[in-house]
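Shown below: coords00.pdb, with PDB, C-alpha atoms and all ligand atoms.
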```pdb
ATOM      1  CA  MET A 237      60.703  86.574  16.955  1.00  0.00           C
ATOM      2  CA  GLY A 238      58.399  86.497  13.962  1.00  0.00           C
ATOM      3  CA  GLU A 239      59.148  84.819  10.706  1.00  0.00           C
ATOM      4  CA  PRO A 240      60.063  87.457   8.139  1.00  0.00           C
ATOM      5  CA  GLY A 241      59.068  85.163   5.290  1.00  0.00           C
ATOM      6  CA  MET A 242      55.516  84.735   6.562  1.00  0.00           C
ATOM      7  CA  SER A 243      54.862  88.371   7.414  1.00  0.00           C
ATOM      8  CA  SER A 244      56.121  89.617   4.054  1.00  0.00           C
ATOM      9  CA  ALA A 245      53.937  87.051   2.291  1.00  0.00           C
ATOM     10  CA  PHE A 246      50.941  88.291   4.253  1.00  0.00           C
ATOM     11  CA  ALA A 247      51.695  91.920   3.438  1.00  0.00           C
ATOM     12  CA  HIS A 248      52.063  91.013  -0.216  1.00  0.00           C
ATOM     13  CA  SER A 249      48.584  89.529  -0.560  1.00  0.00           C
ATOM     14  CA  HIS A 250      46.167  92.440  -0.813  1.00  0.00           C
ATOM     15  CA  HIS A 251      42.690  91.872   0.455  1.00  0.00           C
ATOM     16  CA  MET A 252      39.917  94.040  -0.892  1.00  0.00           C
ATOM     17  CA  PRO A 253      36.448  94.217   0.620  1.00  0.00           C
ATOM     18  CA  CYS A 254      33.903  93.006  -1.896  1.00  0.00           C
ATOM     19  CA  ALA A 255      31.646  95.893  -2.903  1.00  0.00           C
ATOM     20  CA  GLU A 256      28.663  93.560  -3.007  1.00  0.00           C
ATOM     21  CA  CYS A 257      28.941  91.562   0.213  1.00  0.00           C
ATOM     22  CA  GLY A 258      31.790  93.193   2.143  1.00  0.00           C
ATOM     23  CA  ALA A 259      33.785  89.974   2.264  1.00  0.00           C
ATOM     24  CA  SER A 260      37.548  90.316   2.364  1.00  0.00           C
ATOM     25  CA  VAL A 261      38.768  88.864  -0.920  1.00  0.00           C
ATOM     26  CA  ALA A 262      42.402  88.368  -1.894  1.00  0.00           C
ATOM     27  CA  ALA A 263      43.363  90.407  -4.926  1.00  0.00           C
ATOM     28  CA  ASP A 264      44.309  87.315  -6.909  1.00  0.00           C
ATOM     29  CA  GLN A 265      40.960  85.670  -6.079  1.00  0.00           C
ATOM     30  CA  GLN A 266      38.680  88.537  -7.071  1.00  0.00           C
ATOM     31  CA  GLY A 267      37.739  86.726 -10.270  1.00  0.00           C
ATOM     32  CA  ASP A 268      36.827  83.545  -8.413  1.00  0.00           C
ATOM     33  CA  HIS A 269      34.860  85.228  -5.663  1.00  0.00           C
ATOM     34  CA  VAL A 270      31.166  84.440  -5.557  1.00  0.00           C
ATOM     35  CA  CYS A 271      29.036  86.412  -3.144  1.00  0.00           C
ATOM     36  CA  ASP A 272      27.148  84.534  -0.482  1.00  0.00           C
ATOM     37  CA  PRO A 273      23.566  85.793  -0.962  1.00  0.00           C
ATOM     38  CA  GLU A 274      22.897  85.791   2.769  1.00  0.00           C
ATOM     39  CA  ARG A 275      26.065  87.702   3.479  1.00  0.00           C
ATOM     40  CA  ARG A 276      25.327  90.156   0.676  1.00  0.00           C
ATOM     41  CA  LEU A 277      21.869  90.851   2.108  1.00  0.00           C
ATOM     42  CA  GLU A 278      23.272  91.410   5.582  1.00  0.00           C
ATOM     43  CA  TYR A 279      25.913  93.731   4.163  1.00  0.00           C
ATOM     44  CA  ARG A 280      23.257  95.753   2.332  1.00  0.00           C
ATOM     45  CA  LEU A 281      21.206  96.076   5.508  1.00  0.00           C
ATOM     46  CA  PHE A 282      24.325  97.084   7.392  1.00  0.00           C
ATOM     47  CA  LEU A 283      25.071  99.817   4.859  1.00  0.00           C
ATOM     48  CA  LEU A 284      21.458 100.966   4.863  1.00  0.00           C
ATOM     49  CA  ARG A 285      21.406 101.197   8.653  1.00  0.00           C
ATOM     50  CA  ASP A 286      24.499 103.354   8.418  1.00  0.00           C
ATOM     51  CA  GLU A 287      22.732 105.686   6.012  1.00  0.00           C
ATOM     52  CA  VAL A 288      19.653 105.902   8.209  1.00  0.00           C
ATOM     53  CA  ALA A 289      21.791 107.175  11.054  1.00  0.00           C
ATOM     54  CA  GLY A 290      23.736 109.677   8.963  1.00  0.00           C
ATOM     55  CA  PHE A 291      21.322 110.886   6.299  1.00  0.00           C
ATOM     56  CA  ASP A 292      17.892 110.918   7.840  1.00  0.00           C
ATOM     57  CA  GLU A 293      16.588 113.644   5.562  1.00  0.00           C
ATOM     58  CA  GLY A 294      17.941 112.024   2.447  1.00  0.00           C
ATOM     59  CA  LEU A 295      16.474 108.672   3.381  1.00  0.00           C
ATOM     60  CA  ARG A 296      13.084 110.187   4.058  1.00  0.00           C
ATOM     61  CA  GLY A 297      13.126 111.745   0.612  1.00  0.00           C
ATOM     62  CA  TYR A 298      14.194 108.429  -0.870  1.00  0.00           C
ATOM     63  CA  LEU A 299      11.427 106.564   0.913  1.00  0.00           C
ATOM     64  CA  ASP A 300       8.881 109.129  -0.222  1.00  0.00           C
ATOM     65  CA  SER A 301       9.867 108.759  -3.838  1.00  0.00           C
ATOM     66  CA  ALA A 302      10.136 104.980  -3.560  1.00  0.00           C
ATOM     67  CA  GLN A 303       6.738 104.813  -1.908  1.00  0.00           C
ATOM     68  CA  GLY A 304       5.274 107.042  -4.585  1.00  0.00           C
ATOM     69  CA  ARG A 305       6.759 104.884  -7.297  1.00  0.00           C
ATOM     70  CA  PHE A 306       5.501 101.737  -5.600  1.00  0.00           C
ATOM     71  CA  ALA A 307       2.026 103.201  -5.326  1.00  0.00           C
ATOM     72  CA  GLN A 308       2.106 104.063  -9.021  1.00  0.00           C
ATOM     73  CA  TRP A 309       3.298 100.569  -9.842  1.00  0.00           C
ATOM     74  CA  LEU A 310       0.533  99.061  -7.715  1.00  0.00           C
ATOM     75  CA  ALA A 311      -2.082 101.230  -9.366  1.00  0.00           C
ATOM     76  CA  ALA A 312      -0.838 100.295 -12.826  1.00  0.00           C
ATOM     77  CA  ARG A 313      -0.736  96.607 -11.921  1.00  0.00           C
ATOM     78  CA  ASP A 314      -4.227  96.659 -10.435  1.00  0.00           C
ATOM     79  CA  ARG A 315      -5.562  98.377 -13.522  1.00  0.00           C
ATOM     80  CA  ARG A 316      -3.943  95.734 -15.724  1.00  0.00           C
ATOM     81  CA  SER A 317      -5.158  92.728 -13.718  1.00  0.00           C
ATOM     82  CA  GLU A 318      -8.663  94.106 -13.459  1.00  0.00           C
ATOM     83  CA  PRO A 319     -10.998  91.741 -15.314  1.00  0.00           C
ATOM     84  CA  ARG A 320     -12.643  93.444 -18.241  1.00  0.00           C
ATOM     85  CA  SER A 321     -16.389  93.076 -18.331  1.00  0.00           C
TER      86      SER A 321
HETATM   87 ZN    ZN A 401      31.125  89.359  -2.554  1.00  0.00          ZN
END
```

Take the structure from the file and write it as structure tokens.
Ligand SMILES: [Zn+2]
Amino acid sequence: MGEPGMSSAFAHSHHMPCAECGASVAADQQGDHVCDPERRLEYRLFLLRDEVAGFDEGLRGYLDSAQGRFAQWLAARDRRSEPRS
């Protein structure tokens, strides 16, 4: 025999997964929730791993563009930090 009072109270409190860290946060505590940086990082990696498995082509394109952008950024930074003589 369960306690009807407890189960209805549990069903009443909605828990939403935090979009940032994936933590289950009660609806009435969303405003107070602060993401744990470590947990947020792990959640990001978890989502990324999911994308790698499902969207290999898309990820490759993303990495290409990101790599290209990074190379451009590096080139620009090197040019800027180059000592003028
Ligand atoms: Zn969070």

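The two atoms in question, atom CA of A:Val261 and atom CA of A:Leu277, are spaced 17.3 Å apart.
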
Note to self: How would you report the residues lying within 10 Å of ligand ZN 401 (chain A), as a ChimeraX atom specification, if you count all atoms listed in the file?
What the structure shows: /A:253-261,266,269-273,275-276,279

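Going from atom CA of A:Phe306 over to atom CA of A:Glu278, you cover 23.4 Å.
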
Check: Quick one: distance from atom CA of A:Leu281 to atom CA of A:Ala302 in Å, one decimal?
Finding: 16.9 Å

Got a minute to add N, CA and C atoms to stretch 300-319 of chain A and dump it as an mmCIF file, in the frame of the given file?
```
data_model
loop_
_atom_site.group_PDB
_atom_site.id
_atom_site.type_symbol
_atom_site.label_atom_id
_atom_site.label_comp_id
_atom_site.auth_asym_id
_atom_site.auth_seq_id
_atom_site.Cartn_x
_atom_site.Cartn_y
_atom_site.Cartn_z
ATOM 1 N N ASP A 300 10.048 108.477 0.361
ATOM 2 C CA ASP A 300 8.881 109.129 -0.222
ATOM 3 C C ASP A 300 8.778 108.815 -1.701
ATOM 4 N N SER A 301 9.898 108.986 -2.399
ATOM 5 C CA SER A 301 9.867 108.759 -3.838
ATOM 6 C C SER A 301 9.656 107.284 -4.140
ATOM 7 N N ALA A 302 10.291 106.417 -3.340
ATOM 8 C CA ALA A 302 10.136 104.980 -3.560
ATOM 9 C C ALA A 302 8.701 104.565 -3.296
ATOM 10 N N GLN A 303 8.112 105.140 -2.251
ATOM 11 C CA GLN A 303 6.738 104.813 -1.908
ATOM 12 C C GLN A 303 5.798 105.294 -3.012
ATOM 13 N N GLY A 304 6.097 106.509 -3.513
ATOM 14 C CA GLY A 304 5.274 107.042 -4.585
ATOM 15 C C GLY A 304 5.352 106.164 -5.822
ATOM 16 N N ARG A 305 6.580 105.740 -6.121
ATOM 17 C CA ARG A 305 6.759 104.884 -7.297
ATOM 18 C C ARG A 305 6.055 103.550 -7.111
ATOM 19 N N PHE A 306 6.136 103.027 -5.891
ATOM 20 C CA PHE A 306 5.501 101.737 -5.600
ATOM 21 C C PHE A 306 3.992 101.861 -5.724
ATOM 22 N N ALA A 307 3.465 102.987 -5.245
ATOM 23 C CA ALA A 307 2.026 103.201 -5.326
ATOM 24 C C ALA A 307 1.602 103.284 -6.785
ATOM 25 N N GLN A 308 2.421 103.966 -7.592
ATOM 26 C CA GLN A 308 2.106 104.063 -9.021
ATOM 27 C C GLN A 308 2.136 102.692 -9.671
ATOM 28 N N TRP A 309 3.159 101.912 -9.278
ATOM 29 C CA TRP A 309 3.298 100.569 -9.842
ATOM 30 C C TRP A 309 2.105 99.703 -9.462
ATOM 31 N N LEU A 310 1.680 99.833 -8.188
ATOM 32 C CA LEU A 310 0.533 99.061 -7.715
ATOM 33 C C LEU A 310 -0.716 99.443 -8.490
ATOM 34 N N ALA A 311 -0.902 100.749 -8.669
ATOM 35 C CA ALA A 311 -2.082 101.230 -9.366
ATOM 36 C C ALA A 311 -2.097 100.711 -10.796
ATOM 37 N N ALA A 312 -0.929 100.763 -11.444
ATOM 38 C CA ALA A 312 -0.838 100.295 -12.826
ATOM 39 C C ALA A 312 -1.110 98.803 -12.898
ATOM 40 N N ARG A 313 -0.572 98.058 -11.907
ATOM 41 C CA ARG A 313 -0.736 96.607 -11.921
ATOM 42 C C ARG A 313 -2.196 96.247 -11.685
ATOM 43 N N ASP A 314 -2.828 96.948 -10.739
ATOM 44 C CA ASP A 314 -4.227 96.659 -10.435
ATOM 45 C C ASP A 314 -5.110 96.927 -11.645
ATOM 46 N N ARG A 315 -4.771 98.021 -12.352
ATOM 47 C CA ARG A 315 -5.562 98.377 -13.522
ATOM 48 C C ARG A 315 -5.444 97.270 -14.583
ATOM 49 N N ARG A 316 -4.183 96.732 -14.685
ATOM 50 C CA ARG A 316 -3.943 95.734 -15.724
ATOM 51 C C ARG A 316 -4.639 94.413 -15.404
ATOM 52 N N SER A 317 -4.620 94.052 -14.090
ATOM 53 C CA SER A 317 -5.158 92.728 -13.718
ATOM 54 C C SER A 317 -6.672 92.781 -13.528
ATOM 55 N N GLU A 318 -7.232 93.982 -13.635
ATOM 56 C CA GLU A 318 -8.663 94.106 -13.459
ATOM 57 C C GLU A 318 -9.389 93.367 -14.597
ATOM 58 N N PRO A 319 -10.293 92.479 -14.253
ATOM 59 C CA PRO A 319 -10.998 91.741 -15.314
ATOM 60 C C PRO A 319 -11.918 92.658 -16.103
#
```
